[in-house]
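Novice: Supplied structure: work-v7.txt, compact mmCIF, C-alpha atoms.
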```txt
# COMPACT_ATOMS: atom_id res chain seq x y z
CA MET A 227 85.47 202.57 163.29
CA SER A 228 83.40 205.69 162.74
CA ASP A 229 85.99 208.30 161.75
CA PRO A 230 86.01 208.60 157.92
CA ASP A 231 89.66 209.63 157.94
CA LEU A 232 90.61 206.49 159.84
CA ARG A 233 88.53 204.33 157.49
CA GLY A 234 90.30 205.92 154.54
CA ALA A 235 93.65 205.02 156.01
CA LEU A 236 92.72 201.34 155.66
CA THR A 237 91.59 201.56 152.03
CA LEU A 238 93.66 199.40 149.67
CA ALA A 239 94.13 200.57 146.08
CA GLU A 240 93.61 197.08 144.61
CA TYR A 241 90.02 197.13 145.87
CA ALA A 242 89.20 200.49 144.26
CA PRO A 243 86.48 200.16 141.59
CA GLY A 244 87.96 199.69 138.14
CA GLU A 245 91.54 199.81 139.41
CA ALA A 246 92.69 196.98 137.14
CA ALA A 247 90.14 197.10 134.30
CA VAL A 248 92.05 196.54 131.05
CA LEU A 249 89.75 194.52 128.75
CA THR A 250 86.59 195.33 126.86
CA ASP A 251 83.44 193.24 127.34
CA ALA A 252 83.97 191.72 123.90
CA GLU A 253 87.40 190.50 125.04
CA ARG A 254 86.07 189.21 128.34
CA TRP A 255 83.26 187.18 126.75
CA PRO A 256 84.09 186.47 123.06
CA THR A 257 80.91 184.39 122.56
CA ILE A 258 78.43 186.56 124.45
CA ASP A 259 75.03 186.93 122.79
CA ALA A 260 72.43 189.68 123.09
CA ALA A 261 70.63 187.95 125.95
CA GLY A 262 73.88 187.50 127.85
CA ALA A 263 74.85 191.15 127.33
CA ALA A 264 71.45 192.28 128.57
CA ARG A 265 71.76 190.03 131.59
CA LEU A 266 75.17 191.47 132.40
CA THR A 267 73.89 195.05 132.09
CA ARG A 268 70.94 194.27 134.31
CA TRP A 269 73.04 193.00 137.22
CA ARG A 270 75.68 195.67 136.87
CA ALA A 271 73.06 198.40 137.06
CA HIS A 272 70.69 196.70 139.48
CA PRO A 273 69.22 199.36 141.80
CA ASP A 274 70.35 197.37 144.85
CA ALA A 275 73.70 196.22 143.45
CA PRO A 276 76.74 196.26 145.72
CA HIS A 277 79.74 198.45 145.06
CA TRP A 278 81.31 196.41 142.24
CA THR A 279 85.10 196.77 142.41
CA HIS A 280 86.15 194.71 139.39
CA SER A 281 85.10 193.49 135.96
CA THR A 282 86.18 190.05 134.89
CA GLY A 283 85.14 187.51 132.27
CA ASP A 284 85.99 183.93 131.33
CA ARG A 285 87.59 184.86 127.95
CA LEU A 286 86.48 181.57 126.38
CA SER A 287 86.39 181.03 122.63
CA ALA A 288 83.65 178.87 121.12
CA GLU A 289 86.00 175.85 121.03
CA GLN A 290 86.96 176.39 124.65
CA VAL A 291 83.31 176.68 125.69
CA ASP A 292 82.76 173.16 124.37
CA ARG A 293 85.88 171.76 126.02
CA VAL A 294 85.37 173.09 129.54
CA ARG A 295 82.01 171.36 129.94
CA GLN A 296 83.83 168.04 130.24
CA PRO A 297 86.44 167.03 132.82
CA LEU A 298 90.00 166.39 131.71
CA SER A 299 90.87 162.77 131.04
CA THR A 300 92.87 161.12 133.81
CA THR A 301 94.28 158.36 131.59
CA GLY A 302 98.07 158.53 131.71
CA TRP A 303 97.96 162.04 133.14
CA LEU A 304 100.75 161.60 135.70
CA ALA A 305 103.44 160.74 133.14
CA GLU A 306 102.38 163.70 130.98
CA HIS A 307 102.37 165.90 134.07
CA LEU A 308 105.92 164.98 135.06
CA ASP A 309 107.04 165.68 131.49
CA ALA A 310 105.48 169.14 131.76
CA ALA A 311 107.24 169.71 135.09
CA ARG A 312 110.60 168.86 133.47
CA ARG A 313 109.99 171.73 131.05
CA THR A 314 110.21 174.21 133.93
CA LEU A 315 113.39 175.83 135.17
CA ARG A 316 112.89 174.21 138.55
CA TYR A 317 113.09 170.64 137.23
CA ARG A 318 115.12 171.00 134.03
CA GLY A 319 117.82 168.76 135.48
CA MET A 320 115.51 165.89 136.37
CA PRO A 321 116.22 162.77 134.27
CA THR A 322 113.49 161.70 131.85
CA ASP A 323 113.06 158.38 133.64
CA ALA A 324 112.63 159.98 137.09
CA ALA A 325 109.57 158.66 138.92
CA LEU A 326 107.29 160.74 141.10
CA GLU A 327 109.13 159.67 144.25
CA ASP A 328 112.41 160.97 142.78
CA PHE A 329 111.12 164.55 142.79
CA PRO A 330 111.85 166.48 145.99
CA THR A 331 108.91 168.01 147.81
CA ILE A 332 108.25 171.75 147.56
CA SER A 333 106.34 174.22 149.69
CA ARG A 334 104.58 177.55 149.39
CA ALA A 335 107.85 179.26 150.26
CA ASP A 336 109.38 177.88 147.05
CA LEU A 337 106.57 179.44 145.00
CA VAL A 338 106.94 182.75 146.83
CA ASP A 339 110.69 182.78 146.19
CA ASP A 340 110.54 182.03 142.46
CA LEU A 341 107.11 181.35 141.03
CA ALA A 342 108.30 181.70 137.42
CA ALA A 343 110.58 178.68 137.87
CA PHE A 344 107.48 176.47 138.13
CA VAL A 345 105.83 177.66 134.89
CA PRO A 346 106.66 175.50 131.82
CA LEU A 347 108.90 177.26 129.34
CA ASP A 348 106.48 176.36 126.52
CA ALA A 349 103.34 177.43 128.45
CA ASP A 350 100.67 179.27 126.45
CA LEU A 351 100.63 182.51 128.42
CA SER A 352 97.84 183.93 126.25
CA ARG A 353 95.51 181.73 128.31
CA MET A 354 96.70 183.15 131.60
CA LEU A 355 94.62 184.86 134.25
CA HIS A 356 96.05 185.65 137.63
CA GLY A 357 94.52 184.88 140.97
CA THR A 358 95.61 185.98 144.41
CA SER A 359 96.23 183.50 147.22
CA SER A 360 96.89 185.13 150.58
CA GLY A 361 97.40 181.89 152.49
CA SER A 362 96.74 181.48 156.20
CA THR A 363 100.19 182.63 157.25
CA GLY A 364 100.79 185.56 154.91
CA ALA A 365 103.19 185.34 151.95
CA ALA A 366 100.68 186.25 149.25
CA LEU A 367 101.00 184.71 145.80
CA LEU A 368 99.86 185.80 142.37
CA ILE A 369 99.09 182.44 140.80
CA PRO A 370 98.97 181.94 137.01
CA ASP A 371 95.50 180.53 136.33
CA ASP A 372 94.49 178.92 133.04
CA VAL A 373 91.22 180.20 131.51
CA GLU A 374 89.95 176.72 130.68
CA GLU A 375 90.86 175.29 134.06
CA VAL A 376 89.08 178.12 135.88
CA ALA A 377 85.96 177.74 133.73
CA ARG A 378 85.96 173.98 134.20
CA GLY A 379 85.73 174.54 137.95
CA PHE A 380 82.08 175.63 137.64
CA HIS A 381 81.19 172.37 135.90
CA LEU A 382 82.95 170.43 138.66
CA LEU A 383 80.54 172.06 141.13
CA VAL A 384 77.60 171.10 138.91
CA ALA A 385 78.84 167.49 138.75
CA LEU A 386 79.37 167.31 142.52
CA ALA A 387 75.87 168.66 143.05
CA ALA A 388 74.45 166.04 140.67
CA SER A 389 76.23 163.29 142.63
CA VAL A 390 73.95 164.05 145.58
CA GLY A 391 70.81 164.57 143.50
CA ALA A 392 70.95 168.37 143.24
CA VAL A 393 70.32 169.45 139.65
CA VAL A 394 71.75 172.79 138.50
CA ARG A 395 70.43 174.04 135.17
CA ALA A 396 70.02 177.34 133.34
CA ASP A 397 66.90 178.50 135.14
CA GLY A 398 65.37 181.72 133.84
CA GLU A 399 67.14 184.76 135.19
CA ARG A 400 68.32 183.18 138.43
CA MET A 401 72.01 183.59 139.05
CA ALA A 402 73.91 180.37 138.53
CA VAL A 403 76.34 180.85 141.41
CA ALA A 404 77.30 183.40 144.03
CA ASN A 405 80.67 183.18 145.72
CA LEU A 406 80.33 184.81 149.14
CA VAL A 407 82.84 186.52 151.40
CA PHE A 408 82.46 188.63 154.52
CA GLN A 409 85.24 191.17 155.03
CA GLN A 410 85.82 194.92 155.17
CA GLN A 411 87.30 195.03 151.66
CA ALA A 412 86.99 192.43 148.93
CA PHE A 413 87.03 191.85 145.20
CA THR A 414 83.44 191.96 143.95
CA TYR A 415 82.18 191.56 140.41
CA VAL A 416 79.36 190.22 138.29
CA SER A 417 80.02 188.06 135.25
CA VAL A 418 78.33 185.60 132.93
CA ILE A 419 79.30 181.97 132.37
CA SER A 420 79.86 181.41 128.65
CA SER A 421 79.63 177.61 128.99
CA PHE A 422 76.33 177.80 130.91
CA ALA A 423 74.07 179.70 128.51
CA HIS A 424 75.62 182.99 129.63
CA ARG A 425 73.86 182.84 132.97
CA ALA A 426 75.04 185.30 135.59
CA MET A 427 77.40 184.67 138.48
CA ALA A 428 78.86 187.03 141.05
CA ARG A 429 81.38 187.39 143.81
CA LEU A 430 79.59 189.14 146.63
CA ASN A 431 80.80 190.64 149.88
CA LEU A 432 78.12 190.26 152.56
CA HIS A 433 79.81 192.86 154.76
CA PRO A 434 77.65 196.02 155.14
CA SER A 435 80.54 198.14 153.82
CA SER A 436 79.89 196.74 150.35
CA TRP A 437 76.28 197.94 150.12
CA VAL A 438 74.26 201.14 150.35
CA ASP A 439 72.51 199.54 153.30
CA VAL A 440 71.61 196.08 154.58
CA ALA A 441 68.13 196.27 153.05
CA SER A 442 69.70 196.71 149.60
CA ARG A 443 71.84 193.63 150.17
CA ASP A 444 68.82 191.56 151.13
CA ARG A 445 66.77 192.73 148.13
CA PHE A 446 69.61 192.06 145.71
CA LEU A 447 70.14 188.53 147.03
CA ALA A 448 66.42 187.82 146.95
CA ASP A 449 66.26 188.92 143.31
CA ALA A 450 69.37 186.98 142.30
CA ASP A 451 68.47 183.83 144.32
CA PRO A 452 71.58 181.91 143.14
CA GLN A 453 71.27 178.19 142.54
CA ILE A 454 74.75 177.58 143.96
CA LEU A 455 76.06 179.34 147.05
CA SER A 456 79.75 178.94 147.78
CA GLY A 457 81.91 180.44 150.47
CA HIS A 458 83.88 179.67 153.58
CA PRO A 459 82.18 178.89 156.90
CA THR A 460 82.40 182.51 158.08
CA SER A 461 80.43 183.89 155.13
CA LEU A 462 77.98 180.98 155.13
CA ALA A 463 77.29 181.49 158.84
CA GLU A 464 76.60 185.14 158.12
CA LEU A 465 73.72 184.08 155.85
CA LEU A 466 72.10 182.49 158.88
CA ASP A 467 72.96 185.26 161.32
CA ALA A 468 71.50 187.86 158.91
CA GLY A 469 68.30 185.84 158.35
CA LEU A 470 69.01 185.48 154.62
CA ASP A 471 67.73 181.90 154.64
CA SER A 472 64.28 183.49 154.33
CA VAL A 473 65.04 184.93 150.86
CA LEU A 474 67.50 182.44 149.37
CA HIS A 475 66.65 179.02 147.95
CA PRO A 476 69.92 177.39 146.86
CA THR A 477 70.00 174.02 145.16
CA VAL A 478 73.35 173.26 146.78
CA ILE A 479 75.87 174.94 149.08
CA PHE A 480 79.65 174.54 148.84
CA SER A 481 81.98 175.30 151.73
CA GLY A 482 85.74 175.59 151.40
CA ALA A 483 88.95 177.36 152.46
CA MET A 484 88.33 176.67 156.17
CA ALA A 485 87.19 173.70 158.22
CA LEU A 486 83.40 173.32 158.29
CA SER A 487 82.18 172.20 161.70
CA ALA A 488 79.49 169.56 162.00
CA PRO A 489 77.10 171.87 163.92
CA LEU A 490 77.35 174.58 161.25
CA ARG A 491 76.75 172.03 158.49
CA ALA A 492 73.64 170.86 160.33
CA ARG A 493 72.36 174.44 160.68
CA LEU A 494 72.90 175.16 156.98
CA GLU A 495 71.19 171.95 155.89
CA ALA A 496 68.22 172.63 158.15
CA ALA A 497 67.86 176.28 157.13
CA PHE A 498 68.23 175.86 153.36
CA ALA A 499 66.95 172.28 152.93
CA CYS A 500 69.68 171.42 150.43
CA PRO A 501 72.93 169.44 150.38
CA VAL A 502 76.05 171.07 151.84
CA ILE A 503 79.29 169.88 150.21
CA ASP A 504 82.58 170.51 151.98
CA VAL A 505 85.45 170.82 149.49
CA TYR A 506 89.10 170.46 150.43
CA GLY A 507 91.66 172.14 148.21
CA LEU A 508 94.02 175.06 147.82
CA HIS A 509 94.22 177.71 145.13
CA GLU A 510 97.57 176.25 144.15
CA THR A 511 96.28 172.68 143.80
CA ARG A 512 92.60 173.24 143.01
CA PRO A 513 89.96 170.94 144.60
CA ILE A 514 91.41 167.72 145.97
CA ALA A 515 88.61 165.97 147.85
CA ALA A 516 85.06 166.55 149.03
CA ARG A 517 82.53 165.19 151.48
CA THR A 518 78.77 165.40 151.77
CA ASP A 519 78.62 164.45 155.45
CA ASP A 520 80.91 164.69 158.45
CA GLY A 521 82.99 161.63 157.57
CA SER A 522 86.15 161.34 155.50
CA PHE A 523 86.80 163.44 152.43
CA ARG A 524 86.53 161.45 149.18
CA MET A 525 89.33 162.00 146.67
CA LEU A 526 87.99 163.60 143.51
CA ASP A 527 88.40 161.84 140.17
CA ARG A 528 90.70 164.50 138.79
CA ARG A 529 94.35 164.97 137.88
CA VAL A 530 95.45 164.92 141.48
CA HIS A 531 97.65 162.53 143.43
CA VAL A 532 97.89 162.63 147.23
CA GLU A 533 100.63 161.36 149.51
CA VAL A 534 100.81 161.60 153.30
CA LEU A 535 104.41 162.20 154.32
CA ASP A 536 106.48 162.82 157.40
CA PRO A 537 106.49 166.62 157.90
CA ARG A 538 110.30 166.64 158.22
CA ARG A 539 111.34 164.09 155.59
CA ASP A 540 110.26 163.05 152.10
CA VAL A 541 109.09 159.63 153.27
CA ALA A 542 105.59 158.26 153.71
CA VAL A 543 104.16 157.78 157.18
CA GLU A 544 102.92 154.37 158.25
CA PRO A 545 99.65 153.35 156.53
CA GLY A 546 96.74 155.06 158.26
CA ALA A 547 98.96 157.38 160.31
CA VAL A 548 98.57 161.15 160.43
CA GLY A 549 101.04 163.07 158.29
CA GLU A 550 101.37 166.10 156.05
CA ILE A 551 99.24 166.07 152.91
CA VAL A 552 101.42 166.37 149.81
CA VAL A 553 99.74 166.92 146.46
CA THR A 554 100.78 166.49 142.85
CA ALA A 555 98.29 168.59 140.89
CA GLY A 556 97.85 168.47 137.12
CA GLU A 557 94.70 170.45 136.38
CA ASN A 558 96.43 173.80 135.80
CA PRO A 559 98.86 173.57 132.83
CA LEU A 560 100.47 176.87 133.83
CA LEU A 561 101.52 175.57 137.25
CA PRO A 562 102.28 171.80 137.15
CA LEU A 563 102.97 171.23 140.84
CA VAL A 564 104.83 168.09 141.89
CA ARG A 565 104.78 166.89 145.50
CA TYR A 566 103.54 170.16 146.96
CA ARG A 567 103.48 170.24 150.76
CA THR A 568 100.17 171.76 151.73
CA GLY A 569 100.87 172.35 155.42
CA ASP A 570 97.66 170.43 156.12
CA PHE A 571 97.55 167.17 158.05
CA GLY A 572 95.36 164.09 157.89
CA ARG A 573 95.25 160.33 157.32
CA LEU A 574 95.01 158.57 153.96
CA VAL A 575 92.26 155.95 154.18
CA THR A 576 90.43 153.51 151.94
CA LEU A 577 86.66 154.05 151.85
CA ASP A 578 84.05 151.29 151.82
CA ASP A 579 83.85 151.24 148.02
CA GLY A 580 87.64 151.08 147.61
CA ALA A 581 88.11 154.77 146.80
CA PHE A 582 90.79 156.77 148.61
CA GLY A 583 89.88 159.39 151.17
CA ILE A 584 91.36 161.75 153.73
CA ALA A 585 90.31 161.38 157.37
CA ASP A 586 90.93 163.59 160.41
CA LEU A 587 91.80 166.54 158.20
CA GLU A 588 93.03 169.54 160.15
CA GLY A 589 93.99 172.38 157.89
CA ARG A 590 97.23 174.27 158.24
CA ASP A 591 98.67 172.64 161.31
CA ASN A 592 99.04 169.37 163.17
CA THR A 593 99.01 171.11 166.52
CA ARG A 594 99.32 169.02 169.66
CA PHE A 595 98.51 170.36 173.11
CA ARG A 596 100.37 169.38 176.26
CA ALA A 597 98.15 168.08 179.02
CA ALA A 598 98.90 168.64 182.71
CA ASP A 599 100.42 165.13 182.98
CA GLY A 600 102.82 165.84 180.11
CA THR A 601 101.05 163.80 177.45
CA LEU A 602 100.48 165.31 174.00
CA VAL A 603 96.89 165.56 172.80
CA PRO A 604 96.32 165.96 169.01
CA CYS A 605 94.05 168.81 167.98
CA VAL A 606 91.59 166.40 166.34
CA GLU A 607 90.54 165.29 169.83
CA LEU A 608 89.66 168.88 170.68
CA THR A 609 87.72 169.14 167.42
CA GLN A 610 85.63 166.11 168.38
CA GLN A 611 84.75 167.55 171.78
CA LEU A 612 83.99 171.05 170.48
CA GLN A 613 81.74 169.81 167.69
CA ALA A 614 79.91 167.43 170.01
CA ARG A 615 78.98 170.43 172.15
CA GLY A 616 77.72 172.55 169.29
CA ALA A 617 80.63 174.92 168.60
CA LEU A 618 80.40 176.46 165.13
CA GLY A 619 84.02 177.60 165.09
CA TRP A 620 86.88 178.28 167.46
CA SER A 621 90.39 179.56 167.99
CA ILE A 622 92.46 177.83 170.67
CA GLU A 623 95.98 178.73 171.74
CA GLN A 624 98.25 177.21 174.36
CA HIS A 625 100.96 179.45 175.77
CA ALA A 626 104.38 178.28 176.88
CA ASP A 627 103.23 178.10 180.52
CA GLY A 628 100.58 175.55 179.51
CA ARG A 629 97.59 177.83 179.98
CA LEU A 630 94.88 177.50 177.32
CA TYR A 631 93.14 180.50 175.75
CA ALA A 632 90.00 179.63 173.80
CA VAL A 633 87.44 181.63 171.88
CA ILE A 634 84.40 179.71 170.66
CA SER A 635 81.51 180.68 168.44
CA GLY A 636 78.22 179.24 169.60
CA GLY A 637 77.96 175.98 171.47
CA ASP A 638 77.56 175.01 175.11
CA GLU A 639 80.10 177.15 176.96
CA ALA A 640 79.89 175.25 180.23
CA GLY A 641 80.04 171.88 178.46
CA ILE A 642 83.03 172.91 176.37
CA ARG A 643 84.89 174.23 179.40
CA LEU A 644 84.25 170.94 181.20
CA ALA A 645 85.36 168.86 178.21
CA LEU A 646 88.59 170.80 177.64
CA THR A 647 89.40 170.65 181.33
CA ALA A 648 88.85 166.89 181.38
CA LEU A 649 90.90 166.44 178.21
CA LEU A 650 93.91 168.57 179.18
CA GLY A 651 93.67 169.38 182.89
CA VAL A 652 95.29 172.80 182.44
CA PRO A 653 94.00 176.29 183.35
CA ILE A 654 91.58 177.54 180.69
CA GLU A 655 90.54 181.06 179.82
CA LEU A 656 87.40 180.65 177.70
CA ARG A 657 85.35 183.28 175.90
CA ARG A 658 82.21 182.64 173.88
CA VAL A 659 81.08 184.81 170.96
CA GLU A 660 77.75 184.57 169.19
CA ARG A 661 78.79 184.82 165.53
CA LEU A 662 81.48 183.03 163.58
CA ILE A 663 82.68 186.31 162.10
CA ASP A 664 83.51 187.48 165.65
CA LEU A 665 86.49 185.10 165.54
CA GLY A 666 88.00 187.41 162.93
CA GLU A 667 87.79 188.06 159.21
CA GLY A 668 89.59 185.91 156.67
CA LYS A 669 90.81 182.49 157.76
CA PRO A 670 91.47 182.51 161.51
CA ARG A 671 93.72 179.68 162.61
CA ARG A 672 91.90 177.14 164.74
CA TYR A 673 94.84 175.89 166.78
CA ARG A 674 98.15 177.26 167.98
CA SER A 675 100.59 176.10 170.63
CA THR A 676 103.89 177.51 171.82
CA VAL A 677 104.45 174.65 174.24
CA PRO A 678 107.49 172.57 173.16
CA ASP A 679 106.25 169.47 171.30
```
Spit out the file's structure as C-alpha cells when you get a sec.
Specialist:
Amino acid sequence: MSDPDLRGALTLAEYAPGEAAVLTDAERWPTIDAAGAARLTRWRAHPDAPHWTHSTGDRLSAEQVDRVRQPLSTTGWLAEHLDAARRTLRYRGMPTDAALEDFPTISRADLVDDLAAFVPLDADLSRMLHGTSSGSTGAALLIPDDVEEVARGFHLLVALAASVGAVVRADGERMAVANLVFQQQAFTYVSVISSFAHRAMARLNLHPSSWVDVASRDRFLADADPQILSGHPTSLAELLDAGLDSVLHPTVIFSGAMALSAPLRARLEAAFACPVIDVYGLHETRPIAARTDDGSFRMLDRRVHVEVLDPRRDVAVEPGAVGEIVVTAGENPLLPLVRYRTGDFGRLVTLDDGAFGIADLEGRDNTRFRAADGTLVPCVELTQQLQARGALGWSIEQHADGRLYAVISGGDEAGIRLALTALLGVPIELRRVERLIDLGEGKPRRYRSTVPD
C-alpha cells in the first residue's frame, strides 16, 4: 500500500507513540540504579532504534525483586486456588467442600462477557497491569496481569534454558531478551529487568514499518544481540528470511502462540546453533507445557492442572484419547481460572520418566477432513505429512463440496500435493509461498473445514 492517505486510514490510536503513558520512570522501576537508568536512556535514544510506541516497566519493589526470582511453591496450591476462586462473583455460591470436578467448565466467551466476575473480591489491584489478548478468533480481552507473575515469567525462561544447558546471565550490555513480532502495527518498547541486574529487554517489531529502514533494524539488532529471542514462528522465520542469523547469537530461542513445525525448528537450530524451546500456553493461563524436540510437550512444574475433556460435555475422554485441553491455572492471583476450556486439542500422556505430557497438540481446533470415501481424517495426520515434506507452515481449508484449498510455506510442493491426494482423495487447489509471513500476519489458523463432521 503506497498511498499515505490509505496507510493513515489503517492507523490505530492505541499504537501511537506515548498514547497510554501515565507513569514516571521512577514509578516504572522503583529500584533502578544509575547504571540501569543509563542503559535505558541508551536504548531509547539509540541512533538505529525503532519507533518506540510505549513505555512500560516492571514496577517491582525491592521485596518483590527478591520474590520473583524463585518459582511459586506448588505444595497445596490447588486447594488454595479453589478458595481464591470462591472469592469471586462467579463462584460465590460454590460450597466450601466442592472439589475441582464440581466446578463447571468456562470458556473465553465467559471472560469476554464478564471478566470482572472472575477477579477475587479481595484482590490487590495495586499490583495490576493489563495485557491484551486478541485470541485466534477475535473477541479481544484486557486481562488483569499481576506484576510479580509477569516478572516471574522471565525467570521461567531462564530456568527452561538452563534445563537444556543454555546459561543466561547478566552479560555486559547485551540485551537479556527480545520479544519479536512481525506485523504492520505493534506495541514496541524498551525496558529493564529489575530482578536481572537491570539488564535491558525489548519488544521489537521486525516489520519494516517500525524502522527508518531495514539497515537500521539490522544494526540495532546486531548491537543489542539479545541472549534470549522469543516470538511466534512467523517472526522467528523472518529472522532467517532477512538473514539476521548472521548478526544475532542467541543463547536460546523460545517459540510460542502458534504451532512450530519440525522443519522450521530444524532451520532455527541449524542457523543459530542454540536450543529452540517450544512453549504451549495462553495469555489467560500462562505457560502450561514445553518441549525441546518434536515429541510431546512436558507439563511444567507450576501451578497448573490439565484435563482432557469431551468438547461437548464436562467429562474426561478415554485415557490417551484426543480431547479438548482444559486448564486450571493458579499463577496469576488476579485471575484464578478454574477448568478453562482452551479450544485446543491433544492427548494427555505419561512420559518415560513418569511426568505428564501433551501429545498431538493442535491449537485452536480439532478439525477433521472428509476423505473421498467418507472417512474422517484428523488434522494431525495432515500435520505429519506436511512436516515430513518440509513445510514450514500452512493454512488448509475444506469447503462444503469437499474440495481442499491449501497454502503452504516452503516444502516440497509436488510431494505435498501427492501426499494430500493420497490421504484424502479429493480435488486439491494448492499454492506455495516462500515465506511464513506470506500466510498472513498474526496467528493464521492452520485448519478449517465446513464439511459436516
Novice: Which one of A:Ile551, A:Ala640, A:Leu386, A:Ala263 sits closest to A:Ser420 if you count all atoms listed in the file?
Specialist: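 Nearest candidate to A:Ser420 out of A:Ile551, A:Ala640, A:Leu386, A:Ala263: A:Ala263.
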Novice: Kindly list the centre and edge lengths in Å, rounded to one decimal, for the axis-aligned box that covers all listed atoms of stretch 632-646 of chain A plus 5 Å on each of its six sides, as AutoDock Vina command-line options.
Specialist:
```
--center_x 83.8 --center_y 175.2 --center_z 174.8 --size_x 22.4 --size_y 22.8 --size_z 22.8
```
Novice: Within 12 Å of A:Ala597, counting only C-alpha atoms, which residues show up once you throw out same-chain ones fewer than 6 positions away? Write them as an NGL selection string, please.
Specialist: :A and (603-605 or 608 or 624 or 627-630 or 646-654 or 675 or 677-679)
Novice: Kindly indicate which residue among A:His280, A:Val633, A:His381, A:Gly569 lies nearest to A:Phe413, using all atoms listed in the file for the distances.
Specialist: A:His280
Novice: So that I can check the surroundings of A:Arg661, please list as a list of chain:residue names every protein, DNA and RNA residue that reaches within 9 Å of it, counting only C-alpha atoms and ignoring chain neighbours fewer than 4 positions away.
Specialist: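 Contacts, in chain order: A:Thr460, A:Ala463, A:Glu464, A:Asp467, A:Leu618, A:Gly619, A:Ser635, A:Gly636, A:Leu665.
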Novice: Figure out the distance between atom CA of A:Leu406 and atom CA of A:Pro276, please, to one decimal in Å.
Specialist: 12.5 Å
Novice: How many Å lie between atom CA of A:Trp620 and atom CA of A:Ser487, rounded to one decimal?
Specialist: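 The value is 9.6 Å.
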Novice: Between A:His509, A:His433, A:Arg268, A:Arg295, single out the one closest to A:Glu399, counting only C-alpha atoms.
Specialist: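 Looking at the shortest contact to A:Glu399, the residue is A:Arg268.
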Novice: Tell me which of A:Val541, A:Val384, A:Leu341, A:Leu326 sits closest to A:Ile479, counting only C-alpha atoms.
Specialist: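 The shortest atom-to-atom distance to A:Ile479 comes from A:Val384.
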Novice: Of the residues A:Ala483, A:Val505, A:Leu315, A:Leu563, which is the one nearest to A:Val530, using all atoms listed in the file?
Specialist: A:Leu563
Novice: Using all atoms listed in the file, can you tell me which of A:Val373, A:His475, A:Leu368, A:Ala614 comes closest to A:Leu490?
Specialist: A:Ala614
Novice: Between atom CA of A:Asp372 and atom CA of A:Val345, what distance in Å does the model show, to one decimal?
Specialist: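 Interatomic distance here is 11.6 Å.
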Novice: List as a list of chain:residue names the protein and nucleic acid residues near A:Trp269, meaning an atom at most 9 Å away when all atoms listed in the file are counted, but skip any in the same chain fewer than 5 places from it.
Specialist: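 Non-adjacent residues within range: A:Ala264, A:Ala275, A:Val416, A:Ser417, A:Ala426, A:Ala450.
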Novice: Using C-alpha atoms, can you write the selected residues to a file as a compact mmCIF listing (two decimals), in the coordinates of the input?
Specialist:
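What ended up in selection_16.txt:
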```txt
# COMPACT_ATOMS: atom_id res chain seq x y z
CA ALA A 264 71.45 192.28 128.57
CA ALA A 275 73.70 196.22 143.45
CA VAL A 416 79.36 190.22 138.29
CA SER A 417 80.02 188.06 135.25
CA ALA A 426 75.04 185.30 135.59
CA ALA A 450 69.37 186.98 142.30
```
Novice: For A:Gly572, list every protein, DNA or RNA residue within 12 Å, evaluated using only C-alpha atoms, and leave out those in the same chain fewer than 4 positions away; present the list as a ChimeraX atom specification.
Specialist: /A:506,522-523,532-537,543,545-552,568,583-593,604-606
Novice: What's the 8 Å shell around A:Leu447, counting all atoms listed in the file, without same-chain residues fewer than 5 positions away, as a list in words?
Specialist: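 Here the answer would be Pro452, Val473 and Leu474 of chain A.
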Novice: Export stretch 480-511 of chain A from the structure block above, keeping C-alpha atoms, as a PDB file, in the first residue's frame.
Specialist:
```
ATOM      1  CA  PHE A 480      11.575 -19.628  22.560  1.00  0.00           C
ATOM      2  CA  SER A 481       8.635 -20.140  20.230  1.00  0.00           C
ATOM      3  CA  GLY A 482       5.010 -19.787  21.278  1.00  0.00           C
ATOM      4  CA  ALA A 483       1.487 -18.644  20.370  1.00  0.00           C
ATOM      5  CA  MET A 484       1.402 -20.778  17.202  1.00  0.00           C
ATOM      6  CA  ALA A 485       2.403 -24.311  16.284  1.00  0.00           C
ATOM      7  CA  LEU A 486       6.115 -24.636  15.495  1.00  0.00           C
ATOM      8  CA  SER A 487       6.719 -27.035  12.621  1.00  0.00           C
ATOM      9  CA  ALA A 488       9.551 -29.535  12.784  1.00  0.00           C
ATOM     10  CA  PRO A 489      11.236 -28.181   9.610  1.00  0.00           C
ATOM     11  CA  LEU A 490      11.255 -24.621  10.975  1.00  0.00           C
ATOM     12  CA  ARG A 491      12.676 -25.815  14.298  1.00  0.00           C
ATOM     13  CA  ALA A 492      15.448 -27.591  12.405  1.00  0.00           C
ATOM     14  CA  ARG A 493      16.247 -24.453  10.389  1.00  0.00           C
ATOM     15  CA  LEU A 494      16.404 -22.295  13.520  1.00  0.00           C
ATOM     16  CA  GLU A 495      18.631 -24.760  15.365  1.00  0.00           C
ATOM     17  CA  ALA A 496      20.983 -25.024  12.399  1.00  0.00           C
ATOM     18  CA  ALA A 497      21.155 -21.270  11.780  1.00  0.00           C
ATOM     19  CA  PHE A 498      21.617 -20.127  15.387  1.00  0.00           C
ATOM     20  CA  ALA A 499      23.332 -23.194  16.890  1.00  0.00           C
ATOM     21  CA  CYS A 500      21.277 -22.996  20.077  1.00  0.00           C
ATOM     22  CA  PRO A 501      18.331 -24.829  21.656  1.00  0.00           C
ATOM     23  CA  VAL A 502      14.825 -23.971  20.433  1.00  0.00           C
ATOM     24  CA  ILE A 503      12.134 -24.430  23.094  1.00  0.00           C
ATOM     25  CA  ASP A 504       8.506 -24.618  22.029  1.00  0.00           C
ATOM     26  CA  VAL A 505       6.188 -23.355  24.784  1.00  0.00           C
ATOM     27  CA  TYR A 506       2.479 -24.112  24.929  1.00  0.00           C
ATOM     28  CA  GLY A 507       0.266 -21.710  26.835  1.00  0.00           C
ATOM     29  CA  LEU A 508      -2.251 -18.910  26.576  1.00  0.00           C
ATOM     30  CA  HIS A 509      -2.168 -15.392  27.967  1.00  0.00           C
ATOM     31  CA  GLU A 510      -5.079 -16.369  30.186  1.00  0.00           C
ATOM     32  CA  THR A 511      -3.376 -19.476  31.608  1.00  0.00           C
TER      33      THR A 511
END
```
